[in-house]
>>> print(open('entry20.tsv').read())   # TSV, C-alpha atoms
chain	number	residue	atom	x	y	z
A	1	MET	CA	-36.09	-18.08	-60.99
A	2	SER	CA	-36.42	-21.76	-61.97
A	3	ALA	CA	-39.70	-23.55	-62.56
A	4	VAL	CA	-39.39	-25.31	-59.23
A	5	GLY	CA	-38.74	-21.96	-57.60
A	6	THR	CA	-42.31	-20.85	-58.38
A	7	ILE	CA	-43.74	-23.79	-56.50
A	8	GLU	CA	-45.28	-21.74	-53.71
A	9	SER	CA	-47.63	-19.95	-56.08
A	10	GLU	CA	-48.65	-23.08	-57.99
A	11	GLN	CA	-49.21	-25.62	-55.25
A	12	VAL	CA	-51.64	-28.41	-55.91
A	13	THR	CA	-53.68	-29.72	-53.03
A	14	GLU	CA	-54.47	-33.38	-52.70
A	15	THR	CA	-56.84	-34.97	-50.22
A	16	GLY	CA	-55.06	-37.47	-48.03
A	17	ALA	CA	-57.32	-40.42	-48.62
A	18	ALA	CA	-57.48	-40.86	-52.35
A	19	SER	CA	-60.81	-41.50	-53.98
A	20	GLY	CA	-62.14	-45.04	-53.80
A	21	TRP	CA	-59.74	-47.83	-52.98
A	22	PHE	CA	-56.56	-46.15	-54.27
A	23	PRO	CA	-54.24	-45.26	-51.36
A	24	GLY	CA	-52.92	-41.76	-50.77
A	25	LEU	CA	-49.47	-40.53	-51.72
A	26	SER	CA	-47.96	-40.99	-48.26
A	27	THR	CA	-49.35	-44.53	-48.02
A	28	ARG	CA	-47.95	-45.47	-51.41
A	29	LEU	CA	-44.51	-44.14	-50.49
A	30	THR	CA	-44.56	-46.01	-47.18
A	31	ALA	CA	-45.38	-49.25	-48.97
A	32	LEU	CA	-42.57	-48.71	-51.50
A	33	PHE	CA	-39.93	-48.03	-48.85
A	34	TRP	CA	-40.87	-50.99	-46.68
A	35	ALA	CA	-41.11	-53.30	-49.67
A	36	LEU	CA	-37.45	-52.55	-50.42
A	37	ALA	CA	-36.43	-52.98	-46.77
A	38	CYS	CA	-38.20	-56.35	-46.49
A	39	LEU	CA	-36.68	-57.53	-49.78
A	40	GLY	CA	-33.29	-56.50	-48.43
A	41	THR	CA	-33.81	-58.62	-45.32
A	42	VAL	CA	-34.54	-61.69	-47.45
A	43	MET	CA	-31.60	-61.13	-49.82
A	44	VAL	CA	-29.06	-60.36	-47.08
A	45	ALA	CA	-30.08	-63.59	-45.33
A	46	SER	CA	-29.75	-65.48	-48.62
A	47	ALA	CA	-26.27	-64.03	-49.14
A	48	ALA	CA	-25.23	-65.39	-45.74
A	49	ILE	CA	-25.81	-68.95	-46.94
A	50	GLY	CA	-22.69	-68.57	-49.05
A	51	SER	CA	-20.42	-68.43	-45.99
A	52	ALA	CA	-18.46	-71.39	-44.67
A	53	ASP	CA	-21.04	-72.04	-41.93
A	54	GLY	CA	-24.15	-71.28	-43.97
A	55	PRO	CA	-27.17	-72.10	-41.74
A	56	THR	CA	-25.58	-70.73	-38.57
A	57	GLU	CA	-24.42	-67.58	-40.31
A	58	MET	CA	-27.82	-67.08	-41.90
A	59	ARG	CA	-29.51	-67.26	-38.49
A	60	ARG	CA	-27.02	-64.77	-37.06
A	61	VAL	CA	-27.53	-62.38	-39.98
A	62	LEU	CA	-31.31	-62.69	-39.70
A	63	VAL	CA	-31.23	-61.82	-36.00
A	64	GLN	CA	-28.92	-58.87	-36.66
A	65	ARG	CA	-31.01	-57.62	-39.56
A	66	ALA	CA	-34.23	-58.04	-37.56
A	67	ALA	CA	-32.72	-55.90	-34.80
A	68	TRP	CA	-31.77	-53.23	-37.33
A	69	MET	CA	-35.24	-53.40	-38.88
A	70	GLY	CA	-36.67	-52.63	-35.43
A	71	ILE	CA	-34.32	-49.67	-35.09
A	72	ALA	CA	-35.18	-48.63	-38.65
A	73	LEU	CA	-38.88	-48.67	-37.75
A	74	VAL	CA	-38.19	-46.22	-34.93
A	75	ALA	CA	-36.12	-44.09	-37.32
A	76	PHE	CA	-38.95	-44.09	-39.86
A	77	LEU	CA	-41.51	-43.09	-37.23
A	78	VAL	CA	-39.27	-40.26	-36.03
A	79	GLY	CA	-38.95	-38.91	-39.56
A	80	ARG	CA	-42.63	-39.51	-40.28
A	81	TYR	CA	-44.33	-37.99	-37.23
A	82	ILE	CA	-42.05	-35.26	-35.88
A	83	PRO	CA	-43.15	-32.13	-37.81
A	84	TYR	CA	-40.60	-31.72	-40.57
A	85	ARG	CA	-40.29	-27.97	-39.92
A	86	MET	CA	-38.56	-28.86	-36.66
A	87	TRP	CA	-35.55	-29.91	-38.77
A	88	ARG	CA	-35.74	-26.56	-40.59
A	89	ARG	CA	-35.71	-24.77	-37.25
A	90	HIS	CA	-32.45	-26.42	-36.19
A	91	GLN	CA	-30.71	-26.57	-39.57
A	92	LEU	CA	-27.64	-24.70	-38.29
A	93	VAL	CA	-27.05	-27.25	-35.51
A	94	ILE	CA	-27.57	-30.08	-38.00
A	95	LEU	CA	-24.89	-28.65	-40.31
A	96	ILE	CA	-22.44	-28.16	-37.42
A	97	LEU	CA	-23.02	-31.71	-36.15
A	98	THR	CA	-22.61	-33.09	-39.68
A	99	LEU	CA	-19.27	-31.34	-40.12
A	100	GLY	CA	-18.25	-32.34	-36.59
A	101	ILE	CA	-18.76	-36.09	-36.97
A	102	LEU	CA	-17.14	-36.05	-40.42
A	103	ALA	CA	-14.09	-34.33	-38.94
A	104	ALA	CA	-14.07	-36.66	-35.91
A	105	VAL	CA	-13.88	-39.82	-38.03
A	106	LEU	CA	-10.60	-38.56	-39.53
A	107	ILE	CA	-8.94	-38.37	-36.09
A	108	PRO	CA	-6.84	-41.45	-35.22
A	109	GLY	CA	-8.27	-43.16	-32.17
A	110	ILE	CA	-11.81	-42.06	-33.01
A	111	GLY	CA	-12.19	-43.20	-36.60
A	112	THR	CA	-11.60	-46.87	-37.40
A	113	VAL	CA	-9.66	-47.91	-40.49
A	114	VAL	CA	-11.36	-50.62	-42.57
A	115	ASN	CA	-9.88	-51.69	-45.92
A	116	GLY	CA	-7.56	-48.70	-45.97
A	117	ALA	CA	-10.28	-46.08	-45.38
A	118	ARG	CA	-11.18	-44.31	-42.14
A	119	ARG	CA	-14.99	-44.30	-42.46
A	120	TRP	CA	-16.29	-45.77	-39.20
A	121	ILE	CA	-16.71	-44.55	-35.65
A	122	ARG	CA	-16.98	-47.56	-33.37
A	123	MET	CA	-18.16	-47.63	-29.75
A	124	GLY	CA	-17.33	-51.16	-28.73
A	125	PRO	CA	-17.19	-54.38	-30.79
A	126	TRP	CA	-20.88	-54.33	-31.77
A	127	ILE	CA	-21.80	-50.67	-32.15
A	128	GLY	CA	-20.56	-48.43	-34.93
A	129	PHE	CA	-21.76	-46.06	-37.62
A	130	GLN	CA	-20.60	-44.31	-40.77
A	131	PRO	CA	-20.75	-40.51	-40.46
A	132	SER	CA	-20.95	-40.17	-44.24
A	133	GLU	CA	-24.36	-41.87	-44.18
A	134	PHE	CA	-25.71	-39.28	-41.74
A	135	ALA	CA	-24.09	-36.51	-43.79
A	136	LYS	CA	-26.33	-37.35	-46.76
A	137	VAL	CA	-29.52	-36.41	-44.94
A	138	GLY	CA	-27.94	-33.68	-42.82
A	139	LEU	CA	-26.72	-31.78	-45.87
A	140	ILE	CA	-30.09	-32.11	-47.64
A	141	ILE	CA	-31.85	-30.61	-44.60
A	142	TRP	CA	-29.43	-27.68	-44.47
A	143	CYS	CA	-29.64	-27.02	-48.21
A	144	ALA	CA	-33.44	-27.18	-48.13
A	145	ALA	CA	-33.57	-24.67	-45.28
A	146	TYR	CA	-31.04	-22.43	-47.01
A	147	VAL	CA	-32.92	-22.20	-50.33
A	148	GLU	CA	-36.10	-21.32	-48.43
A	149	ARG	CA	-34.41	-18.62	-46.36
A	150	ASN	CA	-32.74	-17.09	-49.39
A	151	ALA	CA	-35.45	-17.58	-52.01
A	152	ALA	CA	-35.24	-13.97	-53.20
A	153	ARG	CA	-31.42	-14.01	-53.39
A	154	MET	CA	-30.70	-17.37	-54.99
A	155	HIS	CA	-30.01	-15.75	-58.40
A	156	ARG	CA	-27.11	-13.75	-56.97
A	157	PHE	CA	-23.53	-15.04	-56.88
A	158	VAL	CA	-22.65	-14.91	-53.17
A	159	PRO	CA	-25.91	-15.94	-51.46
A	160	GLY	CA	-27.14	-18.13	-54.33
A	161	PHE	CA	-23.93	-19.92	-55.23
A	162	LEU	CA	-20.85	-19.23	-53.13
A	163	ILE	CA	-22.34	-19.83	-49.67
A	164	PRO	CA	-24.50	-22.93	-50.37
A	165	PHE	CA	-21.86	-24.58	-52.54
A	166	GLY	CA	-19.27	-23.73	-49.90
A	167	GLY	CA	-21.31	-25.60	-47.30
A	168	ALA	CA	-21.94	-28.57	-49.59
A	169	GLY	CA	-18.31	-28.57	-50.70
A	170	SER	CA	-17.07	-28.66	-47.10
A	171	VAL	CA	-19.14	-31.75	-46.38
A	172	SER	CA	-18.04	-33.44	-49.62
A	173	LEU	CA	-14.38	-32.62	-48.95
A	174	LEU	CA	-14.45	-34.21	-45.49
A	175	VAL	CA	-16.02	-37.36	-46.96
A	176	LEU	CA	-13.40	-37.38	-49.71
A	177	LEU	CA	-10.61	-37.28	-47.11
A	178	GLU	CA	-11.74	-40.60	-45.59
A	179	PRO	CA	-11.28	-41.41	-48.57
A	180	ASP	CA	-14.69	-42.14	-50.09
A	181	PHE	CA	-14.82	-40.67	-53.58
A	182	GLY	CA	-18.15	-42.27	-54.52
A	183	THR	CA	-20.10	-40.95	-51.53
A	184	ALA	CA	-18.46	-37.52	-51.81
A	185	ALA	CA	-19.53	-37.32	-55.45
A	186	LEU	CA	-23.05	-38.49	-54.58
A	187	ILE	CA	-23.45	-35.89	-51.79
A	188	GLY	CA	-22.10	-33.10	-53.97
A	189	THR	CA	-24.32	-34.05	-56.91
A	190	VAL	CA	-27.52	-34.18	-54.87
A	191	ALA	CA	-26.74	-30.85	-53.18
A	192	ALA	CA	-25.92	-29.20	-56.52
A	193	LEU	CA	-29.15	-30.42	-58.11
A	194	LEU	CA	-31.19	-29.16	-55.15
A	195	ILE	CA	-29.55	-25.74	-55.11
A	196	VAL	CA	-29.86	-25.27	-58.87
A	197	ALA	CA	-33.47	-26.51	-58.97
A	198	PHE	CA	-34.43	-23.93	-56.33
A	199	GLY	CA	-32.95	-20.82	-57.85
A	200	SER	CA	-29.17	-20.83	-58.21
A	201	ARG	CA	-27.98	-19.92	-61.70
A	202	LEU	CA	-26.90	-22.85	-63.84
A	203	LEU	CA	-24.14	-20.70	-65.34
A	204	TYR	CA	-22.34	-20.44	-61.98
A	205	VAL	CA	-22.50	-24.19	-61.46
A	206	THR	CA	-21.36	-24.94	-65.00
A	207	LEU	CA	-18.33	-22.67	-64.73
A	208	ALA	CA	-17.46	-24.09	-61.32
A	209	GLY	CA	-17.75	-27.63	-62.66
A	210	MET	CA	-15.48	-26.85	-65.60
A	211	SER	CA	-12.89	-25.29	-63.30
A	212	MET	CA	-12.86	-28.44	-61.18
A	213	LEU	CA	-12.21	-30.84	-64.07
A	214	PRO	CA	-8.42	-30.91	-63.47
A	215	LEU	CA	-9.03	-31.73	-59.81
A	216	VAL	CA	-11.49	-34.49	-60.69
A	217	TYR	CA	-9.02	-35.88	-63.23
A	218	HIS	CA	-6.33	-35.94	-60.55
A	219	LEU	CA	-8.63	-37.55	-58.00
A	220	VAL	CA	-9.78	-40.26	-60.40
A	221	LEU	CA	-6.45	-41.11	-62.02
A	222	GLY	CA	-4.02	-39.82	-59.38
A	223	ALA	CA	-4.71	-42.60	-56.85
A	224	PRO	CA	-3.35	-45.99	-58.02
A	225	TYR	CA	-6.34	-47.99	-56.79
A	226	ARG	CA	-8.81	-45.68	-58.56
A	227	ARG	CA	-6.76	-45.84	-61.76
A	228	GLU	CA	-6.78	-49.61	-61.49
A	229	ARG	CA	-10.57	-49.58	-61.14
A	230	ILE	CA	-10.89	-47.54	-64.32
A	231	MET	CA	-8.60	-49.87	-66.26
A	232	SER	CA	-10.31	-53.00	-64.95
A	233	PHE	CA	-13.67	-51.49	-65.91
A	234	LEU	CA	-12.49	-50.83	-69.46
A	235	HIS	CA	-10.63	-54.12	-69.87
A	236	PRO	CA	-11.77	-56.60	-67.20
A	237	TRP	CA	-10.73	-59.70	-69.15
A	238	GLU	CA	-7.10	-58.62	-69.30
A	239	ASP	CA	-6.75	-59.64	-65.64
A	240	PRO	CA	-9.71	-61.97	-64.93
A	241	LEU	CA	-8.21	-63.30	-61.69
A	242	GLY	CA	-6.98	-59.93	-60.43
A	243	SER	CA	-8.32	-56.43	-60.93
A	244	GLY	CA	-11.13	-57.55	-63.25
A	245	TYR	CA	-12.26	-60.44	-61.08
A	246	GLN	CA	-15.08	-58.75	-59.14
A	247	LEU	CA	-16.64	-57.12	-62.19
A	248	ILE	CA	-16.54	-60.35	-64.19
A	249	GLN	CA	-18.13	-62.34	-61.36
A	250	SER	CA	-20.80	-59.68	-60.98
A	251	MET	CA	-21.71	-59.81	-64.66
A	252	ILE	CA	-21.78	-63.62	-64.53
A	253	SER	CA	-24.15	-63.40	-61.56
A	254	VAL	CA	-26.45	-60.95	-63.36
A	255	GLY	CA	-26.42	-62.89	-66.63
A	256	SER	CA	-26.97	-66.34	-65.14
A	257	GLY	CA	-30.31	-65.42	-63.58
A	258	GLY	CA	-32.26	-65.55	-66.81
A	259	LEU	CA	-35.91	-64.62	-66.75
A	260	MET	CA	-37.02	-66.13	-63.45
A	261	GLY	CA	-33.68	-66.72	-61.69
A	262	ARG	CA	-32.09	-69.79	-60.14
A	263	GLY	CA	-34.43	-69.60	-57.16
A	264	LEU	CA	-34.25	-67.89	-53.77
A	265	GLY	CA	-31.23	-69.17	-51.84
A	266	LEU	CA	-29.86	-71.11	-54.81
A	267	GLY	CA	-27.38	-68.54	-56.13
A	268	VAL	CA	-23.90	-69.82	-56.96
A	269	GLN	CA	-21.79	-66.66	-57.13
A	270	LYS	CA	-22.28	-65.93	-53.43
A	271	LEU	CA	-20.45	-69.17	-52.61
A	272	GLY	CA	-17.10	-67.42	-52.41
A	273	PHE	CA	-16.97	-66.24	-56.03
A	274	LEU	CA	-18.39	-62.70	-55.73
A	275	PRO	CA	-16.88	-60.59	-52.90
A	276	ASP	CA	-19.03	-58.10	-50.96
A	277	THR	CA	-22.26	-59.71	-52.14
A	278	PRO	CA	-24.44	-58.56	-49.18
A	279	SER	CA	-23.44	-54.89	-49.52
A	280	ASP	CA	-21.86	-53.51	-52.68
A	281	PHE	CA	-23.19	-56.24	-55.02
A	282	ILE	CA	-26.57	-57.18	-53.56
A	283	PHE	CA	-28.31	-56.37	-56.87
A	284	ALA	CA	-26.20	-59.05	-58.55
A	285	LEU	CA	-27.61	-61.60	-56.10
A	286	VAL	CA	-31.15	-60.35	-56.76
A	287	SER	CA	-30.58	-60.77	-60.49
A	288	GLU	CA	-29.15	-64.28	-60.13
A	289	GLU	CA	-31.72	-65.71	-57.72
A	290	LEU	CA	-34.84	-63.80	-58.80
A	291	GLY	CA	-33.94	-63.25	-62.45
A	292	PHE	CA	-34.97	-60.45	-64.74
A	293	VAL	CA	-38.39	-60.33	-63.08
A	294	GLY	CA	-36.92	-59.72	-59.61
A	295	ALA	CA	-34.27	-57.28	-60.83
A	296	GLY	CA	-36.86	-55.40	-62.88
A	297	THR	CA	-39.12	-55.18	-59.84
A	298	VAL	CA	-36.34	-53.57	-57.80
A	299	VAL	CA	-35.67	-51.05	-60.57
A	300	LEU	CA	-39.40	-50.33	-60.79
A	301	LEU	CA	-39.61	-49.72	-57.02
A	302	PHE	CA	-36.86	-47.12	-57.19
A	303	LEU	CA	-38.42	-45.45	-60.22
A	304	LEU	CA	-41.74	-45.26	-58.39
A	305	ILE	CA	-40.06	-43.73	-55.33
A	306	VAL	CA	-38.50	-41.02	-57.51
A	307	TRP	CA	-41.79	-40.44	-59.36
A	308	GLU	CA	-43.84	-40.20	-56.17
A	309	GLY	CA	-41.11	-38.10	-54.57
A	310	PHE	CA	-41.35	-35.51	-57.34
A	311	ARG	CA	-45.13	-35.49	-56.93
A	312	VAL	CA	-44.54	-34.61	-53.28
A	313	VAL	CA	-42.34	-31.72	-54.45
A	314	LEU	CA	-45.23	-30.33	-56.48
A	315	ARG	CA	-47.71	-30.70	-53.61
A	316	ALA	CA	-45.59	-29.55	-50.65
A	317	GLU	CA	-47.15	-26.64	-48.78
A	318	ASP	CA	-43.91	-24.72	-48.29
A	319	ARG	CA	-40.58	-24.23	-50.03
A	320	PHE	CA	-38.62	-26.12	-47.38
A	321	GLY	CA	-40.84	-29.19	-47.71
A	322	ALA	CA	-40.54	-29.10	-51.50
A	323	ALA	CA	-36.74	-28.80	-51.38
A	324	LEU	CA	-36.48	-31.53	-48.74
A	325	ALA	CA	-38.61	-33.91	-50.83
A	326	PHE	CA	-36.60	-33.07	-53.96
A	327	GLY	CA	-33.28	-33.82	-52.27
A	328	ILE	CA	-34.45	-37.12	-50.76
A	329	ALA	CA	-36.00	-38.31	-54.04
A	330	CYS	CA	-32.74	-37.49	-55.85
A	331	LEU	CA	-30.71	-39.27	-53.17
A	332	PHE	CA	-32.63	-42.53	-53.49
A	333	GLY	CA	-32.76	-42.34	-57.28
A	334	ILE	CA	-29.11	-41.48	-57.92
A	335	GLN	CA	-27.64	-43.86	-55.32
A	336	GLY	CA	-29.83	-46.71	-56.55
A	337	ALA	CA	-28.88	-46.00	-60.17
A	338	ILE	CA	-25.15	-45.94	-59.35
A	339	HIS	CA	-25.32	-49.25	-57.49
A	340	ILE	CA	-27.17	-50.96	-60.34
A	341	ALA	CA	-24.82	-49.44	-62.93
A	342	VAL	CA	-21.77	-50.73	-61.03
A	343	VAL	CA	-23.20	-54.24	-60.69
A	344	THR	CA	-24.07	-54.44	-64.38
A	345	GLY	CA	-20.67	-53.12	-65.49
A	346	SER	CA	-21.99	-49.82	-66.79
A	347	VAL	CA	-19.71	-47.65	-64.62
A	348	PRO	CA	-16.50	-48.35	-62.64
A	349	THR	CA	-16.79	-49.86	-59.18
A	350	THR	CA	-17.51	-47.27	-56.47
A	351	GLY	CA	-18.57	-49.30	-53.42
A	352	MET	CA	-22.08	-47.81	-53.32
A	353	THR	CA	-24.76	-49.72	-51.41
A	354	LEU	CA	-28.33	-50.17	-52.65
A	355	PRO	CA	-30.54	-48.04	-50.36
A	356	LEU	CA	-32.65	-50.06	-47.87
A	357	VAL	CA	-31.63	-53.34	-49.54
A	358	SER	CA	-27.90	-53.81	-48.91
A	359	ALA	CA	-26.53	-54.98	-45.58
A	360	GLY	CA	-25.41	-52.23	-43.22
A	361	GLY	CA	-27.08	-50.78	-40.14
A	362	SER	CA	-26.06	-47.14	-40.70
A	363	SER	CA	-27.33	-47.20	-44.27
A	364	LEU	CA	-30.66	-48.76	-43.28
A	365	PHE	CA	-31.14	-46.38	-40.34
A	366	VAL	CA	-30.42	-43.22	-42.31
A	367	GLY	CA	-32.39	-44.47	-45.29
A	368	MET	CA	-35.46	-44.93	-43.12
A	369	VAL	CA	-35.06	-41.48	-41.55
A	370	ALA	CA	-35.00	-40.01	-45.06
A	371	ALA	CA	-37.98	-42.15	-46.08
A	372	GLY	CA	-39.93	-40.96	-43.04
A	373	LEU	CA	-39.17	-37.33	-43.85
A	374	LEU	CA	-40.43	-37.74	-47.41
A	375	VAL	CA	-43.62	-39.42	-46.21
A	376	ASN	CA	-43.98	-36.66	-43.61
A	377	VAL	CA	-43.98	-33.94	-46.28
A	378	ALA	CA	-46.43	-35.97	-48.39
A	379	ALA	CA	-48.81	-36.53	-45.47
A	380	ARG	CA	-48.75	-32.85	-44.55
A	381	ALA	CA	-49.73	-31.89	-48.08
A	382	GLU	CA	-52.61	-34.39	-48.07
A	383	LYS	CA	-54.46	-32.86	-45.12
A	384	PRO	CA	-57.24	-30.56	-46.31
A	385	GLY	CA	-57.66	-27.20	-44.62
A	386	ASN	CA	-54.15	-26.91	-43.22
A	387	GLU	CA	-53.32	-23.68	-41.46
A	388	LYS	CA	-50.96	-21.36	-43.31
A	389	PRO	CA	-47.32	-22.45	-42.81
A	390	THR	CA	-45.32	-20.38	-40.34
A	391	PRO	CA	-42.67	-18.29	-42.16
A	392	TRP	CA	-39.15	-19.39	-41.33
A	393	TYR	CA	-38.21	-15.99	-39.85
A	394	LYS	CA	-40.96	-16.41	-37.25
A	395	ASP	CA	-39.68	-19.87	-36.35
A	396	THR	CA	-36.01	-19.31	-35.57
A	397	PRO	CA	-34.50	-20.77	-32.38
A	398	PHE	CA	-33.18	-18.62	-29.56
A	399	TYR	CA	-29.51	-19.31	-30.35
A	400	GLU	CA	-29.85	-17.83	-33.85
A	401	GLU	CA	-31.45	-14.73	-32.39
A	402	TRP	CA	-28.62	-14.54	-29.83
A	403	LEU	CA	-26.03	-14.94	-32.60
A	404	HIS	CA	-27.54	-12.08	-34.53
A	405	ALA	CA	-28.02	-9.77	-31.54
A	406	ARG	CA	-24.73	-10.40	-29.74
A	407	VAL	CA	-22.31	-11.12	-32.58
A	408	LEU	CA	-23.52	-9.99	-35.99
A	409	ASP	CA	-25.25	-6.73	-35.10
A	410	PRO	CA	-22.25	-5.32	-33.15
A	411	LEU	CA	-20.02	-6.23	-36.10
A	412	GLN	CA	-22.55	-4.67	-38.50
A	413	CYS	CA	-22.56	-7.97	-40.35
A	414	ARG	CA	-25.56	-9.61	-41.95
A	415	LEU	CA	-25.42	-13.19	-43.17
A	416	PRO	CA	-27.91	-14.52	-45.73
A	417	GLY	CA	-30.64	-16.53	-44.10
A	418	ILE	CA	-30.37	-15.10	-40.58
A	419	ARG	CA	-33.06	-12.47	-41.01
A	420	PRO	CA	-35.43	-11.72	-43.92
>>> encode(input="entry20.tsv", output="structure tokens")
Amino acid sequence: MSAVGTIESEQVTETGAASGWFPGLSTRLTALFWALACLGTVMVASAAIGSADGPTEMRRVLVQRAAWMGIALVAFLVGRYIPYRMWRRHQLVILILTLGILAAVLIPGIGTVVNGARRWIRMGPWIGFQPSEFAKVGLIIWCAAYVERNAARMHRFVPGFLIPFGGAGSVSLLVLLEPDFGTAALIGTVAALLIVAFGSRLLYVTLAGMSMLPLVYHLVLGAPYRRERIMSFLHPWEDPLGSGYQLIQSMISVGSGGLMGRGLGLGVQKLGFLPDTPSDFIFALVSEELGFVGAGTVVLLFLLIVWEGFRVVLRAEDRFGAALAFGIACLFGIQGAIHIAVVTGSVPTTGMTLPLVSAGGSSLFVGMVAAGLLVNVAARAEKPGNEKPTPWYKDTPFYEEWLHARVLDPLQCRLPGIRP
């Protein structure tokens, strides 16, 4: 069993209110998440100045972002104050709903095609969401519940590798069919790290990864637009007005900020030079207008979230809470790192947003749900004298009991994680 797998016997308790003036773990995490969200509001509004009708567009974007910040506050409070074991209790429904909305977006008439990809479900001209954003958190919840339910069997091939990686692979495959290679890779990576950290054998994952190399090679170089991204990443100056244009403009934006930046609202690249500035390249705008100091602050905020998130893992009072915190910390850290790497020209373009900072209502909403869940686990661990956590097998919903009694027992079938 891995080091993280022994967490239940080595838990560290922490009083909620830290000694003296220093805030507690949950308070620090809350401040970090909302600092990023508020910075995102300022930068998205600044990016709107670069449109043809700057002041009017900026006011419209501010109103829209303010509305989403209100919705995000509700999302954060839901994640923060609803007991996180409620999500464990209904993990099967969460997985089914996740697979359902990912399949629905692929159906013509339900999913909306934008830029050649079917990633949106729209309900009218103003309301829409990306199912892949919800899949990130949904899969983490299911994986966290699974590794708790099968703690004693995670070293075995079928319950510890085949079933959890089958569930994670199904979600990633549906995202890939949109197509969205970057998000599919992100979801699969986070799920794999969580499952391995909580008991699955690294050998199984390594062999599976090696067997998938031909498929990955085909996916990366088989599609013409992905092959073009790779070539423009390696040689952007060979076609500075074509395939290499966006990367070159991004690097110019990052490099022109200097130490302190041009000043908030005074960026040049957003004036029609750098496409997708508010979403996929928001870090470039931060670097240009706020300089190395502002960009470094954003990087520091993400590093602190990952650091504090792993501290929550060590202090969580049950295995589900630890796995949930681990998955969410990895999600914020890896997605933030990919976005920054793309903007700075360190990896090929993937279209990955910067969590809580980039424009996008679905991304902000789901990001705040995840943030609330992480703070929830942290706050639970801070309370002294907590009652002993209820074992998962004493907290199963009626429909799981019905499934076992009416379907599995008559078939003499026993699935991992249904009963201890």
>>> closest_residue(input="entry20.tsv", among="A:Leu290, A:Leu97, A:Met123, A:Met69", to="Ile110 (chain A)", atoms="only C-alpha atoms")
A:Met123
>>> residues_around(input="entry20.tsv", residues="Val286 (chain A)", least_positions_apart="4", cutoff="8 Å", atoms="all atoms listed in the file", output="PyMOL selection string")
chain A and resi 43+282+290-291+294-295
>>> residues_around(input="entry20.tsv", residues="Arg153 (chain A)", least_positions_apart="5", cutoff="9 Å", atoms="only C-alpha atoms", output="ChimeraX atom specification")
/A:147,158-160,199-200,416
>>> atom_distance(input="entry20.tsv", atom1="CA of Trp392 (chain A)", atom2="CA of Ile94 (chain A)")
16.1 Å
>>> atom_distance(input="entry20.tsv", atom1="CA of Ala47 (chain A)", atom2="CA of Val113 (chain A)")
24.7 Å
>>> atom_distance(input="entry20.tsv", atom1="CA of Ile187 (chain A)", atom2="CA of Gly333 (chain A)")
12.6 Å
>>> closest_residue(input="entry20.tsv", among="A:Ala370, A:Ala48, A:Ala144, A:Val74", to="Arg89 (chain A)", atoms="all atoms listed in the file")
A:Ala144
>>> residues_around(input="entry20.tsv", residues="region 322-331 of chain A", least_positions_apart="4", cutoff="9 Å", atoms="all atoms listed in the file", output="ChimeraX atom specification")
/A:4,7,136-137,140-141,143-145,147-148,186-187,190-191,193-195,197-198,305-310,312-318,335-336,370-371,373-375,377-378
>>> residues_around(input="entry20.tsv", residues="Leu219 (chain A)", least_positions_apart="4", cutoff="12 Å", atoms="only C-alpha atoms", output="list in words")
Leu173, Leu176, Leu177, Pro179, Asp180, Phe181, Gly182, Ala184, Ala185, Met212, Leu213, Pro214, Leu215, Ala223, Pro224, Tyr225, Arg226 and Arg227 of chain A
>>> residues_near_point(input="entry20.tsv", point="(-30.2, -55.8, -39.1)", cutoff="12 Å", atoms="only C-alpha atoms", output="ChimeraX atom specification")
/A:37-38,40-42,44-45,58-73,126,278,356-365
>>> write_last_selection(input="entry20.tsv", atoms="C-alpha atoms", output="compact mmCIF listing (two decimals), keeping the file's coordinate frame")
# COMPACT_ATOMS: atom_id res chain seq x y z
CA ALA A 37 -36.43 -52.98 -46.77
CA CYS A 38 -38.20 -56.35 -46.49
CA GLY A 40 -33.29 -56.50 -48.43
CA THR A 41 -33.81 -58.62 -45.32
CA VAL A 42 -34.54 -61.69 -47.45
CA VAL A 44 -29.06 -60.36 -47.08
CA ALA A 45 -30.08 -63.59 -45.33
CA MET A 58 -27.82 -67.08 -41.90
CA ARG A 59 -29.51 -67.26 -38.49
CA ARG A 60 -27.02 -64.77 -37.06
CA VAL A 61 -27.53 -62.38 -39.98
CA LEU A 62 -31.31 -62.69 -39.70
CA VAL A 63 -31.23 -61.82 -36.00
CA GLN A 64 -28.92 -58.87 -36.66
CA ARG A 65 -31.01 -57.62 -39.56
CA ALA A 66 -34.23 -58.04 -37.56
CA ALA A 67 -32.72 -55.90 -34.80
CA TRP A 68 -31.77 -53.23 -37.33
CA MET A 69 -35.24 -53.40 -38.88
CA GLY A 70 -36.67 -52.63 -35.43
CA ILE A 71 -34.32 -49.67 -35.09
CA ALA A 72 -35.18 -48.63 -38.65
CA LEU A 73 -38.88 -48.67 -37.75
CA TRP A 126 -20.88 -54.33 -31.77
CA PRO A 278 -24.44 -58.56 -49.18
CA LEU A 356 -32.65 -50.06 -47.87
CA VAL A 357 -31.63 -53.34 -49.54
CA SER A 358 -27.90 -53.81 -48.91
CA ALA A 359 -26.53 -54.98 -45.58
CA GLY A 360 -25.41 -52.23 -43.22
CA GLY A 361 -27.08 -50.78 -40.14
CA SER A 362 -26.06 -47.14 -40.70
CA SER A 363 -27.33 -47.20 -44.27
CA LEU A 364 -30.66 -48.76 -43.28
CA PHE A 365 -31.14 -46.38 -40.34
>>> closest_residue(input="entry20.tsv", among="A:Leu304, A:Leu285, A:Asn150, A:Thr206", to="Ile163 (chain A)", atoms="only C-alpha atoms")
A:Asn150
>>> axis_aligned_box(input="entry20.tsv", around="region 368-372 of chain A", padding_each_side="4 Å", output="AutoDock Vina command-line options")
--center_x -37.5 --center_y -42.5 --center_z -43.8 --size_x 12.9 --size_y 12.9 --size_z 12.5
